[in-house]
$ cat protein19.cif   # mmCIF, C-alpha atoms
data_target
loop_
_atom_site.group_PDB
_atom_site.id
_atom_site.type_symbol
_atom_site.label_atom_id
_atom_site.label_comp_id
_atom_site.auth_asym_id
_atom_site.auth_seq_id
_atom_site.Cartn_x
_atom_site.Cartn_y
_atom_site.Cartn_z
ATOM 1 C CA MET E 213 -57.841 67.431 233.805
ATOM 2 C CA GLU E 214 -58.865 66.927 237.364
ATOM 3 C CA SER E 215 -61.099 63.990 236.467
ATOM 4 C CA ASN E 216 -58.228 62.195 234.715
ATOM 5 C CA LYS E 217 -56.366 62.192 238.016
ATOM 6 C CA HIS E 218 -59.299 60.338 239.544
ATOM 7 C CA ILE E 219 -59.475 57.969 236.645
ATOM 8 C CA GLU E 220 -55.790 57.178 236.915
ATOM 9 C CA ALA E 221 -56.065 56.531 240.629
ATOM 10 C CA TRP E 222 -59.097 54.316 240.127
ATOM 11 C CA LEU E 223 -57.360 52.446 237.348
ATOM 12 C CA GLU E 224 -54.419 51.843 239.632
ATOM 13 C CA ALA E 225 -56.733 50.512 242.330
ATOM 14 C CA TYR E 226 -58.642 48.543 239.708
ATOM 15 C CA PHE E 227 -55.625 46.540 238.630
ATOM 16 C CA GLU E 228 -54.717 45.867 242.241
ATOM 17 C CA GLY E 229 -58.209 44.532 242.870
ATOM 18 C CA GLU E 230 -58.735 47.289 245.423
ATOM 19 C CA SER E 231 -61.296 49.440 243.668
ATOM 20 C CA THR E 232 -64.880 49.565 244.836
ATOM 21 C CA LEU E 233 -67.823 48.632 242.660
ATOM 22 C CA GLU E 234 -68.774 52.281 242.556
ATOM 23 C CA GLN E 235 -65.359 53.318 241.239
ATOM 24 C CA GLU E 236 -65.491 50.545 238.676
ATOM 25 C CA GLN E 237 -68.888 51.774 237.602
ATOM 26 C CA LYS E 238 -67.405 55.240 237.036
ATOM 27 C CA LEU E 239 -64.478 53.765 235.129
ATOM 28 C CA ARG E 240 -66.856 51.908 232.861
ATOM 29 C CA ALA E 241 -68.872 55.056 232.314
ATOM 30 C CA TYR E 242 -65.743 57.034 231.526
ATOM 31 C CA PHE E 243 -64.254 54.542 229.108
ATOM 32 C CA THR E 244 -67.468 53.882 227.249
ATOM 33 C CA GLY E 245 -68.061 57.613 226.961
ATOM 34 C CA ASP E 246 -66.741 59.966 224.262
ATOM 35 C CA THR E 247 -64.213 61.957 226.274
ATOM 36 C CA VAL E 248 -61.415 59.485 226.858
ATOM 37 C CA ALA E 249 -57.987 61.103 227.061
ATOM 38 C CA PRO E 250 -55.792 59.812 224.195
ATOM 39 C CA TYR E 251 -53.176 58.321 226.482
ATOM 40 C CA LEU E 252 -55.864 56.250 228.207
ATOM 41 C CA GLU E 253 -57.495 55.025 224.995
ATOM 42 C CA LYS E 254 -55.719 51.705 225.220
ATOM 43 C CA TYR E 255 -58.067 50.741 228.060
ATOM 44 C CA ILE E 256 -61.208 51.348 226.068
ATOM 45 C CA PRO E 257 -61.496 47.802 224.694
ATOM 46 C CA LEU E 258 -61.289 46.365 228.184
ATOM 47 C CA PHE E 259 -64.286 48.229 229.517
ATOM 48 C CA ALA E 260 -66.091 48.081 226.227
ATOM 49 C CA ALA E 261 -65.747 44.299 226.332
ATOM 50 C CA PHE E 262 -67.290 44.133 229.793
ATOM 51 C CA ALA E 263 -70.138 46.394 228.811
ATOM 52 C CA GLU E 264 -70.736 44.361 225.688
ATOM 53 C CA ALA E 265 -70.530 41.071 227.520
ATOM 54 C CA LYS E 266 -73.349 42.214 229.738
ATOM 55 C CA GLN E 267 -75.648 42.601 226.760
ATOM 56 C CA GLU E 268 -75.710 38.890 226.037
ATOM 57 C CA ARG E 269 -79.066 37.329 226.708
ATOM 58 C CA TYR E 270 -80.223 33.796 227.102
ATOM 59 C CA THR E 271 -82.399 33.202 224.076
ATOM 60 C CA GLY E 272 -83.061 29.538 224.541
ATOM 61 C CA GLU E 273 -86.272 28.154 225.938
ATOM 62 C CA ILE E 274 -86.707 26.928 229.422
ATOM 63 C CA ASN E 275 -88.140 23.442 229.273
ATOM 64 C CA LEU E 276 -89.329 22.303 232.624
ATOM 65 C CA PRO E 277 -90.764 18.855 233.137
ATOM 66 C CA VAL E 278 -94.547 18.858 233.400
ATOM 67 C CA SER E 279 -95.447 19.469 236.994
ATOM 68 C CA ARG E 280 -96.930 16.636 238.958
ATOM 69 C CA LYS E 281 -100.669 15.941 238.986
ATOM 70 C CA LYS E 282 -102.832 18.554 240.528
ATOM 71 C CA TYR E 283 -104.698 16.007 242.661
ATOM 72 C CA PRO E 284 -102.227 13.488 244.039
ATOM 73 C CA TRP E 285 -104.964 11.843 246.127
ATOM 74 C CA LEU E 286 -106.973 11.068 243.010
ATOM 75 C CA SER E 287 -104.925 7.997 242.140
ATOM 76 C CA ILE E 288 -105.172 6.754 245.725
ATOM 77 C CA ALA E 289 -108.944 7.189 245.709
ATOM 78 C CA ALA E 290 -109.148 5.352 242.394
ATOM 79 C CA SER E 291 -107.121 2.411 243.634
ATOM 80 C CA ILE E 292 -109.222 2.145 246.795
ATOM 81 C CA LEU E 293 -112.317 2.130 244.626
ATOM 82 C CA VAL E 294 -110.931 -0.690 242.515
ATOM 83 C CA ILE E 295 -110.032 -2.748 245.588
ATOM 84 C CA VAL E 296 -113.476 -2.245 247.144
ATOM 85 C CA GLY E 297 -115.061 -3.120 243.820
ATOM 86 C CA LEU E 298 -113.108 -6.349 243.497
ATOM 87 C CA PHE E 299 -113.857 -7.246 247.116
ATOM 88 C CA LEU E 300 -117.601 -6.818 246.638
ATOM 89 C CA PHE E 301 -117.515 -8.729 243.377
ATOM 90 C CA PHE E 302 -115.830 -11.773 244.897
ATOM 91 C CA ASN E 303 -117.996 -11.573 247.983
ATOM 92 C CA ASN E 304 -121.049 -11.758 245.764
ATOM 93 C CA ARG E 305 -119.756 -14.855 244.056
ATOM 94 C CA ASN E 306 -119.216 -16.491 247.427
ATOM 95 C CA ASP E 307 -122.883 -15.797 248.275
ATOM 96 C CA ASN E 308 -123.891 -17.617 245.115
ATOM 97 C CA ALA E 309 -121.737 -20.558 246.117
ATOM 98 C CA ASP E 310 -123.765 -20.895 249.337
ATOM 99 C CA ASN E 311 -126.926 -21.310 247.240
ATOM 100 C CA ARG E 312 -125.431 -24.051 245.154
ATOM 101 C CA ASN E 313 -127.832 -26.683 246.579
ATOM 102 C CA ASP E 314 -130.824 -24.699 245.418
ATOM 103 C CA TYR E 315 -131.814 -26.251 242.079
ATOM 104 C CA GLY E 316 -135.184 -24.566 242.009
ATOM 105 C CA THR E 317 -136.995 -27.815 242.922
ATOM 106 C CA TYR E 318 -140.146 -28.332 244.985
ATOM 107 C CA LYS E 319 -139.835 -27.877 248.694
ATOM 108 C CA ASP E 320 -142.899 -29.929 249.687
ATOM 109 C CA PRO E 321 -142.151 -33.728 249.470
ATOM 110 C CA GLN E 322 -145.730 -34.610 248.576
ATOM 111 C CA VAL E 323 -145.873 -32.236 245.680
ATOM 112 C CA ALA E 324 -142.418 -33.415 244.671
ATOM 113 C CA ALA E 325 -143.540 -37.053 244.679
ATOM 114 C CA LEU E 326 -146.644 -36.185 242.670
ATOM 115 C CA LYS E 327 -144.668 -34.237 240.121
ATOM 116 C CA THR E 328 -142.106 -37.026 239.859
ATOM 117 C CA LYS E 329 -144.888 -39.530 239.240
ATOM 118 C CA GLN E 330 -146.347 -37.279 236.573
ATOM 119 C CA ALA E 331 -143.010 -36.975 234.906
ATOM 120 C CA LEU E 332 -142.424 -40.722 235.007
ATOM 121 C CA PHE E 333 -145.843 -41.379 233.523
ATOM 122 C CA MET E 334 -145.139 -38.961 230.781
ATOM 123 C CA MET E 335 -141.870 -40.719 230.039
ATOM 124 C CA GLY E 336 -143.652 -44.092 230.103
ATOM 125 C CA SER E 337 -146.220 -42.951 227.580
ATOM 126 C CA PHE E 338 -143.425 -41.692 225.322
ATOM 127 C CA ILE E 339 -141.714 -45.066 225.527
ATOM 128 C CA ASP E 340 -145.004 -46.864 224.740
ATOM 129 C CA GLN E 341 -145.449 -44.643 221.745
ATOM 130 C CA SER E 342 -142.015 -45.378 220.413
ATOM 131 C CA THR E 343 -142.152 -49.149 221.076
ATOM 132 C CA SER E 344 -145.488 -49.358 219.145
ATOM 133 C CA ARG E 345 -143.645 -47.857 216.171
ATOM 134 C CA LEU E 346 -141.076 -50.616 216.484
ATOM 135 C CA ASN E 347 -143.782 -53.149 215.566
ATOM 136 C CA ALA E 348 -143.266 -52.193 211.979
ATOM 137 C CA LEU E 349 -139.875 -53.922 212.171
ATOM 138 C CA ASP E 350 -141.644 -57.280 212.563
ATOM 139 C CA GLU E 351 -142.621 -57.014 208.897
ATOM 140 C CA PHE E 352 -138.949 -57.052 207.938
ATOM 141 C CA GLU E 353 -138.313 -60.067 210.051
ATOM 142 C CA LYS E 354 -141.192 -61.948 208.402
ATOM 143 C CA THR E 355 -139.774 -61.371 204.936
ATOM 144 C CA THR E 356 -136.158 -62.032 205.751
ATOM 145 C CA ASP E 357 -137.000 -65.121 207.811
ATOM 146 C CA LYS E 358 -138.383 -66.728 204.732
ATOM 147 C CA TYR E 359 -134.946 -66.856 203.067
ATOM 148 C CA ILE E 360 -132.944 -67.478 206.165
ATOM 149 C CA ASN E 361 -135.058 -70.465 207.150
ATOM 150 C CA LYS E 362 -134.780 -71.910 203.612
ATOM 151 C CA GLN E 363 -131.056 -72.371 203.905
ATOM 152 C CA MET P 255 -94.334 26.451 243.748
ATOM 153 C CA ASN P 256 -95.603 26.147 240.220
ATOM 154 C CA GLN P 257 -93.754 26.737 236.963
ATOM 155 C CA LYS P 258 -94.858 30.328 236.719
ATOM 156 C CA ASP P 259 -93.566 31.219 240.178
ATOM 157 C CA PHE P 260 -90.335 29.460 239.397
ATOM 158 C CA LEU P 261 -89.827 31.351 236.164
ATOM 159 C CA THR P 262 -90.490 34.621 237.961
ATOM 160 C CA ILE P 263 -87.786 33.821 240.487
ATOM 161 C CA VAL P 264 -85.347 32.676 237.845
ATOM 162 C CA HIS P 265 -85.951 35.440 235.338
ATOM 163 C CA PRO P 266 -83.706 38.123 236.910
ATOM 164 C CA PHE P 267 -80.629 35.932 236.747
ATOM 165 C CA GLN P 268 -81.129 33.481 233.895
ATOM 166 C CA ASP P 269 -79.046 35.740 231.636
ATOM 167 C CA LYS P 270 -76.292 35.812 234.231
ATOM 168 C CA ILE P 271 -76.217 32.042 234.250
ATOM 169 C CA TYR P 272 -75.991 32.052 230.490
ATOM 170 C CA ARG P 273 -73.241 34.667 230.391
ATOM 171 C CA LEU P 274 -71.179 32.852 232.980
ATOM 172 C CA ALA P 275 -71.490 29.620 231.051
ATOM 173 C CA ARG P 276 -70.758 31.468 227.826
ATOM 174 C CA ARG P 277 -67.542 32.844 229.322
ATOM 175 C CA LEU P 278 -66.256 29.453 230.367
ATOM 176 C CA LEU P 279 -67.558 27.142 227.678
ATOM 177 C CA THR P 280 -66.568 27.380 224.061
ATOM 178 C CA SER P 281 -69.768 27.724 222.107
ATOM 179 C CA GLU P 282 -73.117 29.431 222.399
ATOM 180 C CA GLU P 283 -74.839 26.062 222.116
ATOM 181 C CA GLU P 284 -72.900 24.689 225.027
ATOM 182 C CA ALA P 285 -73.751 27.735 227.088
ATOM 183 C CA GLN P 286 -77.427 27.378 226.187
ATOM 184 C CA ASP P 287 -77.372 23.739 227.174
ATOM 185 C CA ALA P 288 -75.653 24.626 230.416
ATOM 186 C CA THR P 289 -78.262 27.248 231.201
ATOM 187 C CA GLN P 290 -81.118 24.865 230.507
ATOM 188 C CA GLU P 291 -79.426 22.190 232.583
ATOM 189 C CA VAL P 292 -78.812 24.491 235.534
ATOM 190 C CA LEU P 293 -82.388 25.751 235.470
ATOM 191 C CA LEU P 294 -83.636 22.190 235.333
ATOM 192 C CA LYS P 295 -81.558 21.262 238.341
ATOM 193 C CA LEU P 296 -82.803 24.341 240.114
ATOM 194 C CA TRP P 297 -86.376 23.311 239.319
ATOM 195 C CA SER P 298 -85.835 19.847 240.720
ATOM 196 C CA LYS P 299 -84.516 21.431 243.892
ATOM 197 C CA LYS P 300 -87.184 24.066 244.091
ATOM 198 C CA LYS P 301 -88.353 22.873 247.481
ATOM 199 C CA GLN P 302 -84.929 23.557 248.979
ATOM 200 C CA LEU P 303 -84.625 26.846 247.174
ATOM 201 C CA LYS P 304 -85.961 28.886 250.045
ATOM 202 C CA LYS P 305 -83.517 27.351 252.469
ATOM 203 C CA TYR P 306 -80.531 28.655 250.567
ATOM 204 C CA ARG P 307 -78.977 32.071 251.080
ATOM 205 C CA SER P 308 -80.456 33.202 247.811
ATOM 206 C CA ALA P 309 -81.676 31.414 244.749
ATOM 207 C CA GLU P 310 -79.361 33.518 242.620
ATOM 208 C CA ALA P 311 -76.193 32.657 244.541
ATOM 209 C CA PHE P 312 -77.246 29.026 244.532
ATOM 210 C CA ALA P 313 -77.782 29.131 240.785
ATOM 211 C CA MET P 314 -74.396 30.720 240.170
ATOM 212 C CA THR P 315 -72.685 28.060 242.265
ATOM 213 C CA MET P 316 -74.487 25.377 240.285
ATOM 214 C CA THR P 317 -73.461 27.011 237.030
ATOM 215 C CA LYS P 318 -69.848 27.095 238.118
ATOM 216 C CA ASN P 319 -69.960 23.428 239.081
ATOM 217 C CA TYR P 320 -71.701 22.453 235.890
ATOM 218 C CA CYS P 321 -69.126 24.284 233.752
ATOM 219 C CA TYR P 322 -66.237 22.775 235.661
ATOM 220 C CA ASP P 323 -67.687 19.315 235.137
ATOM 221 C CA THR P 324 -68.240 19.931 231.456
ATOM 222 C CA LEU P 325 -64.730 21.235 230.997
ATOM 223 C CA LYS P 326 -63.281 18.338 232.939
ATOM 224 C CA ALA P 327 -65.171 15.814 230.830
ATOM 225 C CA LYS P 328 -63.959 17.542 227.706
ATOM 226 C CA ARG P 329 -60.376 17.729 228.827
ATOM 227 C CA SER P 330 -60.259 14.024 229.443
ATOM 228 C CA SER P 331 -61.515 13.313 225.932
ATOM 229 C CA ASN P 332 -59.737 16.052 224.002
ATOM 230 C CA VAL P 333 -56.180 17.166 223.769
ATOM 231 C CA LYS P 334 -55.990 20.741 224.912
ATOM 232 C CA LEU P 335 -54.856 23.172 222.323
ATOM 233 C CA VAL P 336 -52.355 25.547 223.848
ATOM 234 C CA HIS P 337 -51.253 28.544 221.975
ATOM 235 C CA THR P 338 -49.018 31.148 223.424
ATOM 236 C CA ASN P 339 -48.443 33.086 220.270
ATOM 237 C CA TYR P 340 -51.253 35.355 219.196
ATOM 238 C CA LYS P 341 -49.468 36.786 216.187
ATOM 239 C CA ASP P 342 -52.400 36.448 213.913
ATOM 240 C CA SER P 343 -51.198 37.594 210.500
ATOM 241 C CA SER P 344 -53.938 40.204 210.270
ATOM 242 C CA TYR P 345 -52.677 41.937 213.379
ATOM 243 C CA ASP P 346 -49.280 42.500 211.834
ATOM 244 C CA THR P 347 -50.443 43.830 208.552
ATOM 245 C CA VAL P 348 -53.518 45.851 209.334
ATOM 246 C CA LYS P 349 -53.407 48.695 211.763
ATOM 247 C CA GLU P 350 -56.179 48.058 214.211
ATOM 248 C CA THR P 351 -58.475 50.946 214.780
ATOM 249 C CA GLU P 352 -61.779 49.176 215.185
ATOM 250 C CA VAL P 353 -62.827 48.941 218.795
ATOM 251 C CA SER P 354 -64.880 45.813 218.135
ATOM 252 C CA ASP P 355 -61.758 43.938 217.055
ATOM 253 C CA SER P 356 -60.037 45.004 220.234
ATOM 254 C CA VAL P 357 -63.041 43.888 222.218
ATOM 255 C CA ASN P 358 -62.754 40.466 220.661
ATOM 256 C CA TRP P 359 -59.139 40.537 221.584
ATOM 257 C CA VAL P 360 -60.128 41.110 225.209
ATOM 258 C CA TYR P 361 -62.478 38.118 225.047
ATOM 259 C CA LYS P 362 -59.653 36.068 223.657
ATOM 260 C CA LEU P 363 -57.399 37.173 226.487
ATOM 261 C CA MET P 364 -60.096 36.329 229.017
ATOM 262 C CA LYS P 365 -60.441 32.843 227.572
ATOM 263 C CA GLU P 366 -56.769 32.228 228.162
ATOM 264 C CA LEU P 367 -57.056 32.948 231.872
ATOM 265 C CA PRO P 368 -57.264 30.133 234.403
ATOM 266 C CA GLU P 369 -60.886 29.074 234.869
ATOM 267 C CA GLN P 370 -61.244 30.528 238.311
ATOM 268 C CA GLN P 371 -59.960 33.911 237.166
ATOM 269 C CA GLN P 372 -62.342 33.856 234.221
ATOM 270 C CA LEU P 373 -65.220 33.247 236.561
ATOM 271 C CA ILE P 374 -64.206 35.941 238.988
ATOM 272 C CA LEU P 375 -63.597 38.501 236.274
ATOM 273 C CA GLN P 376 -66.970 37.723 234.743
ATOM 274 C CA LEU P 377 -68.805 37.949 238.041
ATOM 275 C CA ARG P 378 -67.085 41.118 239.160
ATOM 276 C CA ASP P 379 -66.513 43.188 236.032
ATOM 277 C CA VAL P 380 -69.485 42.087 233.993
ATOM 278 C CA GLU P 381 -72.124 41.176 236.550
ATOM 279 C CA GLN P 382 -70.820 43.555 239.216
ATOM 280 C CA TYR P 383 -71.174 41.303 242.189
ATOM 281 C CA THR P 384 -69.291 42.239 245.347
ATOM 282 C CA ASN P 385 -66.262 40.202 246.305
ATOM 283 C CA ALA P 386 -68.220 38.757 249.217
ATOM 284 C CA GLU P 387 -70.974 37.570 246.899
ATOM 285 C CA ILE P 388 -68.440 36.058 244.517
ATOM 286 C CA ALA P 389 -66.688 34.289 247.378
ATOM 287 C CA ASP P 390 -70.043 32.885 248.435
ATOM 288 C CA GLN P 391 -70.983 31.779 244.929
ATOM 289 C CA LEU P 392 -67.668 30.167 244.120
ATOM 290 C CA GLU P 393 -67.219 28.712 247.582
ATOM 291 C CA ILE P 394 -63.817 30.310 248.122
ATOM 292 C CA ASN P 395 -62.689 33.047 250.490
ATOM 293 C CA GLU P 396 -62.712 36.758 249.803
ATOM 294 C CA GLY P 397 -58.950 37.129 249.865
ATOM 295 C CA THR P 398 -58.669 34.618 247.055
ATOM 296 C CA VAL P 399 -61.239 36.532 245.052
ATOM 297 C CA ARG P 400 -59.323 39.788 245.380
ATOM 298 C CA THR P 401 -55.961 38.247 244.485
ATOM 299 C CA ALA P 402 -57.366 36.373 241.514
ATOM 300 C CA LEU P 403 -59.165 39.501 240.339
ATOM 301 C CA SER P 404 -55.998 41.535 240.423
ATOM 302 C CA ARG P 405 -54.062 38.841 238.570
ATOM 303 C CA ALA P 406 -56.726 38.465 235.936
ATOM 304 C CA ARG P 407 -56.950 42.211 235.323
ATOM 305 C CA LYS P 408 -53.193 42.579 235.111
ATOM 306 C CA THR P 409 -52.889 39.692 232.683
ATOM 307 C CA ILE P 410 -55.493 41.262 230.446
ATOM 308 C CA ARG P 411 -53.756 44.622 230.701
ATOM 309 C CA GLU P 412 -50.484 43.061 229.581
ATOM 310 C CA GLY P 413 -52.187 41.454 226.645
ATOM 311 C CA LEU P 414 -53.775 44.759 225.743
ATOM 312 C CA MET P 415 -50.490 46.629 225.964
ATOM 313 C CA GLU P 416 -48.888 44.101 223.679
ATOM 314 C CA LYS P 417 -51.708 44.535 221.244
ATOM 315 C CA HIS P 418 -51.464 48.290 221.561
ATOM 316 C CA ARG P 419 -47.805 48.210 220.645
ATOM 317 C CA TYR P 420 -48.602 46.160 217.570
ATOM 318 C CA GLY P 421 -51.091 48.810 216.674
ATOM 319 C CA ILE P 422 -48.501 51.533 216.897
ATOM 320 C CA LYS P 423 -45.871 49.685 214.909
#
$ encode --input "protein19.cif" --output "structure tokens"
Amino acid sequence: MESNKHIEAWLEAYFEGESTLEQEQKLRAYFTGDTVAPYLEKYIPLFAAFAEAKQERYTGEINLPVSRKKYPWLSIAASILVIVGLFLFFNNRNDNADNRNDYGTYKDPQVAALKTKQALFMMGSFIDQSTSRLNALDEFEKTTDKYINKQ
Amino acid sequence: MNQKDFLTIVHPFQDKIYRLARRLLTSEEEAQDATQEVLLKLWSKKKQLKKYRSAEAFAMTMTKNYCYDTLKAKRSSNVKLVHTNYKDSSYDTVKETEVSDSVNWVYKLMKELPEQQQLILQLRDVEQYTNAEIADQLEINEGTVRTALSRARKTIREGLMEKHRYGIK
């Protein structure tokens, strides 16, 4: 029973917190084995518990937050693009504002005068046309005047 | 560092985190939550991870802190149930021969230890860290680790002897 002597000494050291990891390893091996001396059997549960405790595994899932975007500069590029876009858009509108006096009219005064005359003549002829139609109203006046004058 | 790299780093010790949390907290669910929480914190600090002594030691320290916080929060909301008498009726009547029952008894004894001793016993006797590593992880000095270890082991031995005597009776 030479080995039991060792075991006893290691146990002693174990409870004093003086044993080495190696000795503790041997103790665990001894007590979880089949050849434990009867008078040492009372220590079996202790080492069995440690051995068993080591079998526990984490079975849960590991949920990590989704990692950040692969291209962090993408959002910056996009925002620059939007700013440039808006800038150009408003710039364009300002250009249009400069052309506000351009009504698409004639540049040459003579042609302009001629065209104005033409337009006025056209309007005049329209008015003539419509006033000639108004002559028909005279007929009404003739008939109504008859009664009005009688009174 | 992407998620895959992170998981590769974490994989060797994620079970240790879980077991440590399991030892200190009451239920499996709580321990699972703790593990997830610690890993999440580790992930958020992944940039600093390389600066630390080792990711594993850092993780164990975080687990310890997390468990302490959880226990503290619980203690303030719950009344602690203290029982000093383990005379479960079954122990008196049935002669215990099953090792698994005795193993559970050891777990029960471990649970009754002060938190720090539970941690140290778990880290040393289950995870087989050296005292220096434990001191580093728990942010205490080595002498304290050794003393606490001895006390914890002796307390458990006493409990076992008591149980053993019941068995003989």
$ interface_residues --input "protein19.cif" --of "chain E" --to "chain P" --cutoff "7 Å" --atoms "only C-alpha atoms" --output "list in words"
Phe227, Glu228, Gly229, Leu233, Lys254, Pro257, Leu258, Ala260, Ala261, Phe262, Ala263, Ala265, Lys266, Glu268, Arg269, Tyr270, Gly272, Ile274 and Leu276 of chain E
$ residues_around --input "protein19.cif" --residues "Thr244 in chain E" --least-positions-apart "3" --cutoff "8 Å" --atoms "all atoms listed in the file" --output "list of chain:residue names"
E:Arg240, E:Ala241, E:Ile256, E:Phe259, E:Ala260
$ resolve_selection --input "protein19.cif" --expression "the PyMOL selection byres ((chain P and resi 308) around 12)" --output "PyMOL selection string"
chain P and resi 263-264+267+296+300+302-307+309-315+387+390-391
$ atom_distance --input "protein19.cif" --atom1 "CA of Glu284 in chain P" --atom2 "CA of Gly413 in chain P"
26.7 Å
$ atom_distance --input "protein19.cif" --atom1 "CA of Met316 in chain P" --atom2 "CA of Glu393 in chain P"
10.8 Å
$ atom_distance --input "protein19.cif" --atom1 "CA of Pro266 in chain P" --atom2 "CA of Pro277 in chain E"
20.9 Å
$ closest_residue --input "protein19.cif" --among "P:Val292, P:Ala275, P:Ile374, P:Leu367" --to "Leu325 in chain P" --atoms "all atoms listed in the file"
P:Ala275
$ build_atoms --input "protein19.cif" --residues "range 324-330 of chain P" --atoms "all heavy atoms" --output "CSV table (one decimal), in the coordinates of the input"
chain,number,residue,atom,x,y,z
P,324,THR,N,-68.3,20.0,232.9
P,324,THR,CA,-68.2,19.9,231.5
P,324,THR,C,-66.8,20.1,230.9
P,324,THR,O,-66.4,19.3,230.1
P,324,THR,CB,-69.1,21.1,230.8
P,324,THR,OG1,-70.4,21.1,231.5
P,324,THR,CG2,-69.3,20.9,229.4
P,325,LEU,N,-66.1,21.0,231.5
P,325,LEU,CA,-64.7,21.2,231.0
P,325,LEU,C,-63.8,20.0,231.3
P,325,LEU,O,-63.0,19.6,230.5
P,325,LEU,CB,-64.2,22.5,231.6
P,325,LEU,CG,-64.8,23.8,231.1
P,325,LEU,CD1,-64.3,25.0,232.0
P,325,LEU,CD2,-64.4,24.0,229.6
P,326,LYS,N,-64.1,19.5,232.5
P,326,LYS,CA,-63.3,18.3,232.9
P,326,LYS,C,-63.5,17.2,232.0
P,326,LYS,O,-62.6,16.5,231.6
P,326,LYS,CB,-63.7,18.0,234.4
P,326,LYS,CG,-62.5,17.4,235.2
P,326,LYS,CD,-62.9,17.0,236.6
P,326,LYS,CE,-63.0,18.2,237.5
P,326,LYS,NZ,-63.6,17.8,238.8
P,327,ALA,N,-64.8,16.9,231.7
P,327,ALA,CA,-65.2,15.8,230.8
P,327,ALA,C,-64.5,16.0,229.5
P,327,ALA,O,-64.1,15.0,228.8
P,327,ALA,CB,-66.7,15.7,230.7
P,328,LYS,N,-64.5,17.3,229.0
P,328,LYS,CA,-64.0,17.5,227.7
P,328,LYS,C,-62.4,17.3,227.7
P,328,LYS,O,-61.9,16.8,226.7
P,328,LYS,CB,-64.2,19.0,227.4
P,328,LYS,CG,-65.3,19.3,226.4
P,328,LYS,CD,-65.0,20.6,225.9
P,328,LYS,CE,-66.2,21.2,225.1
P,328,LYS,NZ,-66.0,22.6,224.9
P,329,ARG,N,-61.8,17.8,228.8
P,329,ARG,CA,-60.4,17.7,228.8
P,329,ARG,C,-59.9,16.3,228.8
P,329,ARG,O,-58.9,16.0,228.2
P,329,ARG,CB,-59.9,18.4,230.1
P,329,ARG,CG,-58.5,19.0,229.9
P,329,ARG,CD,-58.2,20.0,231.1
P,329,ARG,NE,-59.0,21.1,231.1
P,329,ARG,CZ,-59.6,21.6,232.2
P,329,ARG,NH1,-59.5,21.0,233.3
P,329,ARG,NH2,-60.4,22.7,232.1
P,330,SER,N,-60.7,15.4,229.4
P,330,SER,CA,-60.3,14.0,229.4
P,330,SER,C,-60.4,13.4,228.1
P,330,SER,O,-59.8,12.4,227.8
P,330,SER,CB,-61.0,13.2,230.5
P,330,SER,OG,-62.4,13.4,230.3
